[in-house]
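Data block for coords-v9.pdb (PDB, C-alpha atoms):
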ATOM      1  CA  MET E   1     -14.149  16.587 -12.008
ATOM      2  CA  ARG E   2     -12.588  19.784 -10.816
ATOM      3  CA  LEU E   3      -9.245  21.516 -10.845
ATOM      4  CA  GLY E   4      -8.399  23.375  -7.629
ATOM      5  CA  GLU E   5      -8.599  27.152  -7.409
ATOM      6  CA  GLY E   6      -4.832  27.144  -7.025
ATOM      7  CA  VAL E   7      -4.492  26.346 -10.735
ATOM      8  CA  GLU E   8      -6.128  29.647 -11.715
ATOM      9  CA  TRP E   9      -4.115  31.617  -9.171
ATOM     10  CA  ALA E  10      -0.798  29.986 -10.022
ATOM     11  CA  THR E  11      -1.299  30.494 -13.758
ATOM     12  CA  HIS E  12      -2.044  34.209 -13.278
ATOM     13  CA  CYS E  13       1.041  34.519 -11.046
ATOM     14  CA  LEU E  14       3.243  32.852 -13.669
ATOM     15  CA  VAL E  15       1.919  35.268 -16.301
ATOM     16  CA  VAL E  16       2.871  38.196 -14.052
ATOM     17  CA  LEU E  17       6.331  36.697 -13.423
ATOM     18  CA  ALA E  18       6.727  36.247 -17.193
ATOM     19  CA  LEU E  19       6.102  39.967 -17.651
ATOM     20  CA  LEU E  20       8.598  41.095 -14.980
ATOM     21  CA  PRO E  21      11.662  43.007 -16.129
ATOM     22  CA  GLU E  22      14.790  40.828 -16.402
ATOM     23  CA  GLY E  23      16.318  39.994 -13.027
ATOM     24  CA  GLU E  24      13.314  41.052 -10.933
ATOM     25  CA  ALA E  25      11.279  38.905  -8.545
ATOM     26  CA  LEU E  26       8.051  39.246  -6.554
ATOM     27  CA  SER E  27       7.223  37.955  -3.096
ATOM     28  CA  ALA E  28       4.225  35.726  -2.376
ATOM     29  CA  ARG E  29       2.737  38.667  -0.462
ATOM     30  CA  ARG E  30       2.987  40.980  -3.482
ATOM     31  CA  LEU E  31       1.610  38.356  -5.856
ATOM     32  CA  ALA E  32      -1.333  37.858  -3.481
ATOM     33  CA  GLU E  33      -1.846  41.626  -3.283
ATOM     34  CA  TYR E  34      -1.794  41.957  -7.069
ATOM     35  CA  HIS E  35      -4.434  39.256  -7.531
ATOM     36  CA  ASP E  36      -6.366  40.051  -4.356
ATOM     37  CA  VAL E  37      -6.294  36.426  -3.184
ATOM     38  CA  PRO E  38      -5.528  35.014   0.301
ATOM     39  CA  GLY E  39      -1.756  35.091   0.854
ATOM     40  CA  PRO E  40      -1.282  31.878   2.867
ATOM     41  CA  TYR E  41      -3.259  29.802   0.374
ATOM     42  CA  LEU E  42      -1.470  31.336  -2.602
ATOM     43  CA  ALA E  43       1.870  30.648  -0.878
ATOM     44  CA  LYS E  44       1.055  26.930  -0.937
ATOM     45  CA  SER E  45       0.454  27.041  -4.698
ATOM     46  CA  LEU E  46       3.671  28.967  -5.256
ATOM     47  CA  GLN E  47       5.584  26.432  -3.199
ATOM     48  CA  ALA E  48       4.152  23.654  -5.363
ATOM     49  CA  LEU E  49       5.424  25.507  -8.447
ATOM     50  CA  ALA E  50       8.841  25.780  -6.802
ATOM     51  CA  THR E  51       8.892  22.084  -5.887
ATOM     52  CA  ALA E  52       8.125  21.267  -9.515
ATOM     53  CA  GLY E  53      10.996  23.483 -10.633
ATOM     54  CA  LEU E  54       8.854  26.041 -12.482
ATOM     55  CA  VAL E  55       9.852  28.973 -10.260
ATOM     56  CA  THR E  56      12.716  29.666  -7.911
ATOM     57  CA  SER E  57      12.387  31.560  -4.662
ATOM     58  CA  ARG E  58      14.927  33.482  -2.651
ATOM     59  CA  ALA E  59      14.499  34.848   0.846
ATOM     60  CA  GLY E  60      15.125  38.455   1.790
ATOM     61  CA  ARG E  61      13.918  41.926   0.840
ATOM     62  CA  ARG E  62      15.234  41.608  -2.729
ATOM     63  CA  GLY E  63      14.134  37.958  -2.891
ATOM     64  CA  GLY E  64      10.863  36.450  -4.010
ATOM     65  CA  TYR E  65       9.651  34.316  -6.872
ATOM     66  CA  ARG E  66      10.847  34.351 -10.454
ATOM     67  CA  LEU E  67      10.492  31.908 -13.327
ATOM     68  CA  ALA E  68      13.085  29.139 -13.241
ATOM     69  CA  ARG E  69      13.211  28.980 -17.035
ATOM     70  CA  PRO E  70      11.970  30.975 -20.032
ATOM     71  CA  ALA E  71       8.181  31.472 -20.021
ATOM     72  CA  SER E  72       8.061  29.772 -23.419
ATOM     73  CA  ALA E  73       9.338  26.592 -21.721
ATOM     74  CA  VAL E  74       6.616  26.462 -19.035
ATOM     75  CA  SER E  75       3.401  24.879 -20.290
ATOM     76  CA  LEU E  76      -0.088  24.751 -18.809
ATOM     77  CA  LEU E  77       0.481  21.024 -18.411
ATOM     78  CA  ASP E  78       3.533  21.771 -16.239
ATOM     79  CA  VAL E  79       1.389  24.051 -14.069
ATOM     80  CA  ILE E  80      -1.466  21.581 -13.647
ATOM     81  CA  THR E  81       0.930  18.705 -12.965
ATOM     82  CA  ALA E  82       2.760  20.814 -10.362
ATOM     83  CA  LEU E  83      -0.469  21.571  -8.502
ATOM     84  CA  GLU E  84      -2.614  18.499  -9.061
ATOM     85  CA  GLY E  85      -0.095  15.728  -9.689
ATOM     86  CA  SER E  86       0.217  13.525 -12.734
ATOM     87  CA  GLN E  87      -2.250  10.804 -11.799
ATOM     88  CA  PRO E  88      -4.908  10.212 -14.450
ATOM     89  CA  ALA E  89      -8.398  11.539 -13.731
ATOM     90  CA  PHE E  90      -9.842   8.115 -14.510
ATOM     91  CA  ARG E  91      -8.545   5.457 -12.118
ATOM     92  CA  CYS E  92      -8.998   1.865 -13.207
ATOM     93  CA  THR E  93      -9.594  -0.535 -10.324
ATOM     94  CA  GLU E  94      -9.694  -3.557 -12.661
ATOM     95  CA  ILE E  95     -13.272  -4.468 -11.905
ATOM     96  CA  ARG E  96     -13.170  -6.555 -15.077
ATOM     97  CA  ARG E  97     -11.267  -9.121 -12.978
ATOM     98  CA  ARG E  98     -13.933  -9.369 -10.285
ATOM     99  CA  GLY E  99     -17.240 -11.174  -9.913
ATOM    100  CA  PRO E 100     -18.614 -14.423 -11.337
ATOM    101  CA  ALA E 101     -16.806 -14.114 -14.698
ATOM    102  CA  ALA E 102     -13.365 -13.639 -13.142
ATOM    103  CA  VAL E 103     -10.519 -15.845 -14.309
ATOM    104  CA  ALA E 104      -6.814 -15.954 -13.463
ATOM    105  CA  ARG E 105      -5.133 -12.518 -13.465
ATOM    106  CA  GLY E 106      -2.630 -13.476 -16.130
ATOM    107  CA  ALA E 107      -5.366 -14.259 -18.647
ATOM    108  CA  TYR E 108      -6.309 -10.578 -19.106
ATOM    109  CA  GLY E 109      -4.699  -8.104 -21.486
ATOM    110  CA  PRO E 110      -2.518  -5.452 -19.849
ATOM    111  CA  VAL E 111      -5.074  -2.593 -19.879
ATOM    112  CA  CYS E 112      -8.884  -2.755 -19.869
ATOM    113  CA  ALA E 113     -10.425  -1.298 -23.052
ATOM    114  CA  ILE E 114     -12.472   1.139 -20.944
ATOM    115  CA  ALA E 115      -9.382   2.533 -19.204
ATOM    116  CA  ARG E 116      -7.597   2.795 -22.565
ATOM    117  CA  ALA E 117     -10.424   4.876 -24.024
ATOM    118  CA  MET E 118     -10.577   7.137 -20.964
ATOM    119  CA  TRP E 119      -6.813   7.656 -20.930
ATOM    120  CA  ARG E 120      -6.701   8.318 -24.669
ATOM    121  CA  ALA E 121      -9.129  11.206 -24.079
ATOM    122  CA  GLU E 122      -7.035  12.524 -21.195
ATOM    123  CA  GLU E 123      -4.013  12.356 -23.465
ATOM    124  CA  SER E 124      -5.716  14.803 -25.868
ATOM    125  CA  TRP E 125      -6.316  17.163 -22.987
ATOM    126  CA  ARG E 126      -2.694  16.921 -21.864
ATOM    127  CA  ARG E 127      -1.392  17.371 -25.401
ATOM    128  CA  GLU E 128      -3.365  20.595 -25.759
ATOM    129  CA  LEU E 129      -2.184  21.853 -22.357
ATOM    130  CA  ALA E 130       1.406  21.016 -23.251
ATOM    131  CA  ALA E 131       1.079  23.075 -26.441
ATOM    132  CA  THR E 132       0.220  26.292 -24.556
ATOM    133  CA  SER E 133       3.058  28.081 -22.796
ATOM    134  CA  ILE E 134       3.028  30.758 -20.138
ATOM    135  CA  GLY E 135       4.959  32.867 -22.652
ATOM    136  CA  ASP E 136       2.107  32.598 -25.202
ATOM    137  CA  LEU E 137      -0.454  33.379 -22.515
ATOM    138  CA  ALA E 138       1.478  36.370 -21.188
ATOM    139  CA  GLN E 139       1.509  37.920 -24.674
ATOM    140  CA  THR E 140      -2.206  37.293 -25.149
ATOM    141  CA  VAL E 141      -3.155  38.517 -21.672
ATOM    142  CA  LEU E 142      -1.128  41.684 -22.193
ATOM    143  CA  SER E 143      -2.522  42.376 -25.653
ATOM    144  CA  GLU E 144      -6.115  41.779 -24.582
ATOM    145  CA  ALA E 145      -6.060  43.596 -21.244
ATOM    146  CA  PRO E 146      -7.860  46.952 -21.131
ATOM    147  CA  PRO E 147      -5.215  49.672 -21.739
ATOM    148  CA  ARG E 148      -6.112  51.346 -18.446
ATOM    149  CA  ALA E 149      -5.543  48.038 -16.586
ATOM    150  CA  VAL E 150      -2.111  47.655 -18.190
ATOM    151  CA  GLU E 151      -1.302  51.196 -17.099
ATOM    152  CA  LYS E 152      -2.496  50.613 -13.523
ATOM    153  CA  GLY E 153      -0.715  47.256 -13.315
ATOM    154  CA  GLY E 154       2.488  48.818 -14.630
ATOM    155  CA  ALA E 155       2.251  51.659 -12.104
ATOM    156  CA  TRP E 156       1.711  49.214  -9.236
ATOM    157  CA  LEU E 157       4.672  47.123 -10.369
ATOM    158  CA  GLY E 158       6.855  50.220 -10.724
ATOM    159  CA  ARG E 159       6.113  51.236  -7.115
ATOM    160  CA  VAL E 160       6.712  47.709  -5.808
ATOM    161  CA  LEU E 161      10.042  47.342  -7.598
ATOM    162  CA  GLU E 162      11.112  50.786  -6.400
ATOM    163  CA  VAL E 163      10.448  49.797  -2.801
ATOM    164  CA  ARG E 164      12.392  46.572  -3.362
ATOM    165  CA  ARG E 165      15.341  48.530  -4.685
ATOM    166  CA  GLY E 166      15.258  50.579  -1.496
ATOM    167  CA  SER E 167      14.980  53.837  -3.425
ATOM    168  CA  ALA E 168      11.581  54.716  -2.015
ATOM    169  CA  GLY E 169      12.931  55.201   1.473
TER     170      GLY E 169
ATOM    171  CA  MET Q   1      -8.309  16.156 -10.714
ATOM    172  CA  ARG Q   2     -10.227  12.945 -10.327
ATOM    173  CA  LEU Q   3     -13.256  11.222 -11.769
ATOM    174  CA  GLY Q   4     -15.352   9.338  -9.211
ATOM    175  CA  GLU Q   5     -15.255   5.552  -8.974
ATOM    176  CA  GLY Q   6     -18.845   5.564 -10.191
ATOM    177  CA  VAL Q   7     -17.607   6.395 -13.707
ATOM    178  CA  GLU Q   8     -15.718   3.098 -13.939
ATOM    179  CA  TRP Q   9     -18.595   1.109 -12.482
ATOM    180  CA  ALA Q  10     -21.258   2.745 -14.630
ATOM    181  CA  THR Q  11     -19.247   2.279 -17.825
ATOM    182  CA  HIS Q  12     -18.762  -1.427 -17.113
ATOM    183  CA  CYS Q  13     -22.495  -1.761 -16.373
ATOM    184  CA  LEU Q  14     -23.390  -0.061 -19.662
ATOM    185  CA  VAL Q  15     -21.095  -2.455 -21.518
ATOM    186  CA  VAL Q  16     -22.897  -5.404 -19.903
ATOM    187  CA  LEU Q  17     -26.295  -3.898 -20.760
ATOM    188  CA  ALA Q  18     -25.088  -3.411 -24.348
ATOM    189  CA  LEU Q  19     -24.322  -7.132 -24.538
ATOM    190  CA  LEU Q  20     -27.705  -8.274 -23.159
ATOM    191  CA  PRO Q  21     -30.004 -10.170 -25.503
ATOM    192  CA  GLU Q  22     -32.719  -7.978 -27.045
ATOM    193  CA  GLY Q  23     -35.525  -7.163 -24.608
ATOM    194  CA  GLU Q  24     -33.678  -8.256 -21.462
ATOM    195  CA  ALA Q  25     -32.834  -6.133 -18.415
ATOM    196  CA  LEU Q  26     -30.724  -6.495 -15.267
ATOM    197  CA  SER Q  27     -31.412  -5.238 -11.763
ATOM    198  CA  ALA Q  28     -28.993  -3.030  -9.840
ATOM    199  CA  ARG Q  29     -28.440  -5.987  -7.502
ATOM    200  CA  ARG Q  30     -27.410  -8.279 -10.373
ATOM    201  CA  LEU Q  31     -25.162  -5.629 -11.930
ATOM    202  CA  ALA Q  32     -23.482  -5.171  -8.534
ATOM    203  CA  GLU Q  33     -23.090  -8.938  -8.193
ATOM    204  CA  TYR Q  34     -21.553  -9.235 -11.657
ATOM    205  CA  HIS Q  35     -18.975  -6.538 -10.937
ATOM    206  CA  ASP Q  36     -18.541  -7.370  -7.253
ATOM    207  CA  VAL Q  37     -19.102  -3.757  -6.185
ATOM    208  CA  PRO Q  38     -21.252  -2.369  -3.324
ATOM    209  CA  GLY Q  39     -24.914  -2.450  -4.391
ATOM    210  CA  PRO Q  40     -26.198   0.740  -2.737
ATOM    211  CA  TYR Q  41     -23.350   2.841  -4.142
ATOM    212  CA  LEU Q  42     -23.742   1.340  -7.611
ATOM    213  CA  ALA Q  43     -27.498   2.016  -7.436
ATOM    214  CA  LYS Q  44     -26.727   5.732  -7.119
ATOM    215  CA  SER Q  45     -24.613   5.666 -10.281
ATOM    216  CA  LEU Q  46     -27.311   3.743 -12.158
ATOM    217  CA  GLN Q  47     -29.909   6.268 -11.053
ATOM    218  CA  ALA Q  48     -27.706   9.059 -12.398
ATOM    219  CA  LEU Q  49     -27.569   7.243 -15.753
ATOM    220  CA  ALA Q  50     -31.366   6.967 -15.684
ATOM    221  CA  THR Q  51     -31.800  10.649 -14.842
ATOM    222  CA  ALA Q  52     -29.583  11.496 -17.812
ATOM    223  CA  GLY Q  53     -31.724   9.301 -20.058
ATOM    224  CA  LEU Q  54     -29.005   6.761 -20.868
ATOM    225  CA  VAL Q  55     -30.827   3.811 -19.294
ATOM    226  CA  THR Q  56     -34.417   3.098 -18.356
ATOM    227  CA  SER Q  57     -35.464   1.164 -15.281
ATOM    228  CA  ARG Q  58     -38.604  -0.750 -14.535
ATOM    229  CA  ALA Q  59     -39.662  -2.167 -11.179
ATOM    230  CA  GLY Q  60     -40.625  -5.790 -10.620
ATOM    231  CA  ARG Q  61     -39.132  -9.234 -11.029
ATOM    232  CA  ARG Q  62     -38.827  -8.873 -14.817
ATOM    233  CA  GLY Q  63     -37.775  -5.229 -14.473
ATOM    234  CA  GLY Q  64     -34.340  -3.723 -14.108
ATOM    235  CA  TYR Q  65     -32.058  -1.563 -16.175
ATOM    236  CA  ARG Q  66     -31.642  -1.577 -19.926
ATOM    237  CA  LEU Q  67     -30.131   0.905 -22.376
ATOM    238  CA  ALA Q  68     -32.519   3.675 -23.340
ATOM    239  CA  ARG Q  69     -31.057   3.861 -26.851
ATOM    240  CA  PRO Q  70     -28.667   1.904 -29.063
ATOM    241  CA  ALA Q  71     -25.236   1.384 -27.480
ATOM    242  CA  SER Q  72     -23.704   3.122 -30.503
ATOM    243  CA  ALA Q  73     -25.579   6.280 -29.472
ATOM    244  CA  VAL Q  74     -24.238   6.385 -25.889
ATOM    245  CA  SER Q  75     -20.775   7.967 -25.665
ATOM    246  CA  LEU Q  76     -18.243   8.073 -22.859
ATOM    247  CA  LEU Q  77     -18.924  11.803 -22.718
ATOM    248  CA  ASP Q  78     -22.603  11.037 -22.018
ATOM    249  CA  VAL Q  79     -21.555   8.738 -19.173
ATOM    250  CA  ILE Q  80     -19.150  11.201 -17.564
ATOM    251  CA  THR Q  81     -21.604  14.068 -17.928
ATOM    252  CA  ALA Q  82     -24.355  11.949 -16.340
ATOM    253  CA  LEU Q  83     -22.203  11.162 -13.318
ATOM    254  CA  GLU Q  84     -20.031  14.224 -12.895
ATOM    255  CA  GLY Q  85     -22.057  17.014 -14.479
ATOM    256  CA  SER Q  86     -21.079  19.242 -17.365
ATOM    257  CA  GLN Q  87     -19.220  21.941 -15.459
ATOM    258  CA  PRO Q  88     -15.712  22.567 -16.752
ATOM    259  CA  ALA Q  89     -12.833  21.216 -14.658
ATOM    260  CA  PHE Q  90     -11.209  24.649 -14.729
ATOM    261  CA  ARG Q  91     -13.378  27.290 -13.067
ATOM    262  CA  CYS Q  92     -12.545  30.884 -13.847
ATOM    263  CA  THR Q  93     -13.210  33.259 -10.960
ATOM    264  CA  GLU Q  94     -12.139  36.300 -13.000
ATOM    265  CA  ILE Q  95      -9.208  37.193 -10.810
ATOM    266  CA  ARG Q  96      -7.968  39.316 -13.718
ATOM    267  CA  ARG Q  97     -10.588  41.863 -12.584
ATOM    268  CA  ARG Q  98      -9.288  42.096  -9.014
ATOM    269  CA  GLY Q  99      -6.440  43.874  -7.274
ATOM    270  CA  PRO Q 100      -4.622  47.143  -7.961
ATOM    271  CA  ALA Q 101      -4.843  46.868 -11.785
ATOM    272  CA  ALA Q 102      -8.628  46.380 -11.811
ATOM    273  CA  VAL Q 103     -10.732  48.607 -14.035
ATOM    274  CA  ALA Q 104     -14.452  48.708 -14.817
ATOM    275  CA  ARG Q 105     -15.965  45.271 -15.545
ATOM    276  CA  GLY Q 106     -17.128  46.250 -19.008
ATOM    277  CA  ALA Q 107     -13.588  47.067 -20.157
ATOM    278  CA  TYR Q 108     -12.531  43.381 -20.201
ATOM    279  CA  GLY Q 109     -12.997  40.944 -23.058
ATOM    280  CA  PRO Q 110     -15.666  38.269 -22.513
ATOM    281  CA  VAL Q 111     -13.325  35.407 -21.502
ATOM    282  CA  CYS Q 112      -9.868  35.566 -19.895
ATOM    283  CA  ALA Q 113      -7.133  34.140 -22.162
ATOM    284  CA  ILE Q 114      -6.151  31.681 -19.415
ATOM    285  CA  ALA Q 115      -9.678  30.269 -19.132
ATOM    286  CA  ARG Q 116      -9.898  30.047 -22.938
ATOM    287  CA  ALA Q 117      -6.706  27.968 -23.114
ATOM    288  CA  MET Q 118      -7.853  25.685 -20.273
ATOM    289  CA  TRP Q 119     -11.274  25.179 -21.825
ATOM    290  CA  ARG Q 120      -9.812  24.536 -25.277
ATOM    291  CA  ALA Q 121      -7.849  21.650 -23.753
ATOM    292  CA  GLU Q 122     -10.954  20.304 -22.012
ATOM    293  CA  GLU Q 123     -12.752  20.509 -25.349
ATOM    294  CA  SER Q 124     -10.188  18.078 -26.842
ATOM    295  CA  TRP Q 125     -10.849  15.689 -23.993
ATOM    296  CA  ARG Q 126     -14.615  15.930 -24.479
ATOM    297  CA  ARG Q 127     -14.310  15.506 -28.242
ATOM    298  CA  GLU Q 128     -12.362  12.284 -27.768
ATOM    299  CA  LEU Q 129     -14.845  11.003 -25.177
ATOM    300  CA  ALA Q 130     -17.751  11.848 -27.488
ATOM    301  CA  ALA Q 131     -16.118   9.822 -30.262
ATOM    302  CA  THR Q 132     -16.113   6.593 -28.223
ATOM    303  CA  SER Q 133     -19.421   4.797 -27.827
ATOM    304  CA  ILE Q 134     -20.508   2.082 -25.422
ATOM    305  CA  GLY Q 135     -21.194   0.014 -28.527
ATOM    306  CA  ASP Q 136     -17.544   0.295 -29.648
ATOM    307  CA  LEU Q 137     -16.345  -0.528 -26.157
ATOM    308  CA  ALA Q 138     -18.644  -3.517 -25.792
ATOM    309  CA  GLN Q 139     -17.214  -5.023 -28.976
ATOM    310  CA  THR Q 140     -13.647  -4.412 -27.853
ATOM    311  CA  VAL Q 141     -14.241  -5.669 -24.308
ATOM    312  CA  LEU Q 142     -15.857  -8.833 -25.659
ATOM    313  CA  SER Q 143     -13.139  -9.492 -28.233
ATOM    314  CA  GLU Q 144     -10.323  -8.888 -25.752
ATOM    315  CA  ALA Q 145     -11.764 -10.762 -22.752
ATOM    316  CA  PRO Q 146     -10.156 -14.117 -21.931
ATOM    317  CA  PRO Q 147     -12.299 -16.819 -23.610
ATOM    318  CA  ARG Q 148     -12.857 -18.527 -20.265
ATOM    319  CA  ALA Q 149     -14.158 -15.243 -18.772
ATOM    320  CA  VAL Q 150     -16.619 -14.827 -21.677
ATOM    321  CA  GLU Q 151     -17.797 -18.382 -21.046
ATOM    322  CA  LYS Q 152     -18.210 -17.845 -17.299
ATOM    323  CA  GLY Q 153     -19.906 -14.473 -17.827
ATOM    324  CA  GLY Q 154     -22.261 -16.014 -20.356
ATOM    325  CA  ALA Q 155     -23.106 -18.879 -17.999
ATOM    326  CA  TRP Q 156     -23.822 -16.452 -15.137
ATOM    327  CA  LEU Q 157     -26.038 -14.358 -17.383
ATOM    328  CA  GLY Q 158     -27.874 -17.439 -18.637
ATOM    329  CA  ARG Q 159     -28.700 -18.483 -15.071
ATOM    330  CA  VAL Q 160     -29.809 -14.979 -14.095
ATOM    331  CA  LEU Q 161     -32.079 -14.584 -17.116
ATOM    332  CA  GLU Q 162     -33.556 -18.040 -16.515
ATOM    333  CA  VAL Q 163     -34.452 -17.077 -12.949
ATOM    334  CA  ARG Q 164     -35.990 -13.842 -14.248
ATOM    335  CA  ARG Q 165     -38.102 -15.813 -16.717
ATOM    336  CA  GLY Q 166     -39.319 -17.911 -13.824
ATOM    337  CA  SER Q 167     -38.269 -21.125 -15.543
ATOM    338  CA  ALA Q 168     -35.727 -22.064 -12.917
ATOM    339  CA  GLY Q 169     -38.339 -22.852 -10.345
TER     340      GLY Q 169
END
What does the file become when written as structure tokens?
Amino acid sequence: MRLGEGVEWATHCLVVLALLPEGEALSARRLAEYHDVPGPYLAKSLQALATAGLVTSRAGRRGGYRLARPASAVSLLDVITALEGSQPAFRCTEIRRRGPAAVARGAYGPVCAIARAMWRAEESWRRELAATSIGDLAQTVLSEAPPRAVEKGGAWLGRVLEVRRGSAG
Amino acid sequence: MRLGEGVEWATHCLVVLALLPEGEALSARRLAEYHDVPGPYLAKSLQALATAGLVTSRAGRRGGYRLARPASAVSLLDVITALEGSQPAFRCTEIRRRGPAAVARGAYGPVCAIARAMWRAEESWRRELAATSIGDLAQTVLSEAPPRAVEKGGAWLGRVLEVRRGSAG
């Protein structure tokens, strides 16, 4: 069982967007540059976040991605659902209704006990993911980052936003 | 994120093995017949359960698979780990240490806050899976199955075990 790489990338991007000054945005190219990940692949993840309504994007030199709602209202579950869909990890194909012991469909209870147990466990996972917001993570990431990394990241962001504002020539 | 089909098949097989009379075993071919699933593919899942020490197998006409320990001591987590491995679903590639804000490796805390949150959620899932045993499931499956299905399943098993004992000619 594996989550795609896009989940890691998208979550880091959302944390960066959560830390942007009010009203600012970043392009897919800049987000890829900041995380040193392949731009075209990251763009696909960002588009999935946009489709799910977690970020908005605007074209143009001052455009780019920004959070569509407060970072405290975007959970890890939202991110994973945006990128991986909401289908359960365990898929029940109702094999209880096959083979020599099979009886009429209507005789079985609505959900096999095995599927129920598997889905109950997935529910715990989802509940925990839903309880963690990008806002929480952004605070933790910022407070735990090496001070020199915060400084370098801030300097990079300052330069990028300056260019966007057109004040860097 | 998706668990392989083998997880469903293997769990159903373990439930059947848990319900076998003391000392009896079933071959991969019979388990495939009972669940109406492709034998060669099921055999791979059963071998994974054997490698993980959840079942034992013996060759020969009286051989086959049986549980390696009491059904109450085999959890859904054991089954999923046997078939899918124990790697986390979220894989951290440490992208926090890349790009223009990167600093020396040693300056970072041991685990990125994002990976910690993802793994905490997976831990809830694993905890729930570990709390459900094949023994519990076997009782529930048996009590919830349509009475006619229990009868037909029991009749099938009776015939199969009779053939194994050589008393059916």
Residues in the ChimeraX specification (/Q :<6) & /E, expressed as a ChimeraX atom specification: /E:1-3,34-36,89-90,98-103,107-108,113,121-122,124-125,128-129,141,146,149,152-153
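Between atom CA of Q:Cys13 and atom CA of Q:Gly166 the separation is 23.5 Å.
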Target residues per the PyMOL selection byres ((chain Q and resi 21) around 12), formatted as a list of chain:residue names: Q:Val16, Q:Leu17, Q:Ala18, Q:Leu19, Q:Leu20, Q:Glu22, Q:Gly23, Q:Glu24, Q:Ala25, Q:Leu26, Q:Arg66, Q:Leu67, Q:Gly154, Q:Leu157, Q:Gly158, Q:Leu161
Distance of atom CA of Q:Arg159 from atom CA of Q:Lys44, expressed in Å to one decimal place: 25.6 Å
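The coordinates place atom CA of Q:Leu54 at 9.3 Å from atom CA of Q:Ala71.
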Using the chain letters and residue numbers of this document, give as a short mmCIF file (atom, residue, chain, number, x, y, z; two decimals) with C-alpha atoms, keeping the file's coordinate frame the residues selected by the PyMOL selection byres ((chain Q and resi 62) around 9).
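Saved file out-v1.cif follows:
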data_model
loop_
_atom_site.label_atom_id
_atom_site.label_comp_id
_atom_site.auth_asym_id
_atom_site.auth_seq_id
_atom_site.Cartn_x
_atom_site.Cartn_y
_atom_site.Cartn_z
CA GLU Q 24 -33.68 -8.26 -21.46
CA ALA Q 25 -32.83 -6.13 -18.42
CA LEU Q 26 -30.72 -6.50 -15.27
CA SER Q 27 -31.41 -5.24 -11.76
CA ARG Q 58 -38.60 -0.75 -14.54
CA ALA Q 59 -39.66 -2.17 -11.18
CA GLY Q 60 -40.62 -5.79 -10.62
CA ARG Q 61 -39.13 -9.23 -11.03
CA GLY Q 63 -37.78 -5.23 -14.47
CA GLY Q 64 -34.34 -3.72 -14.11
CA ARG Q 164 -35.99 -13.84 -14.25
CA ARG Q 165 -38.10 -15.81 -16.72
#
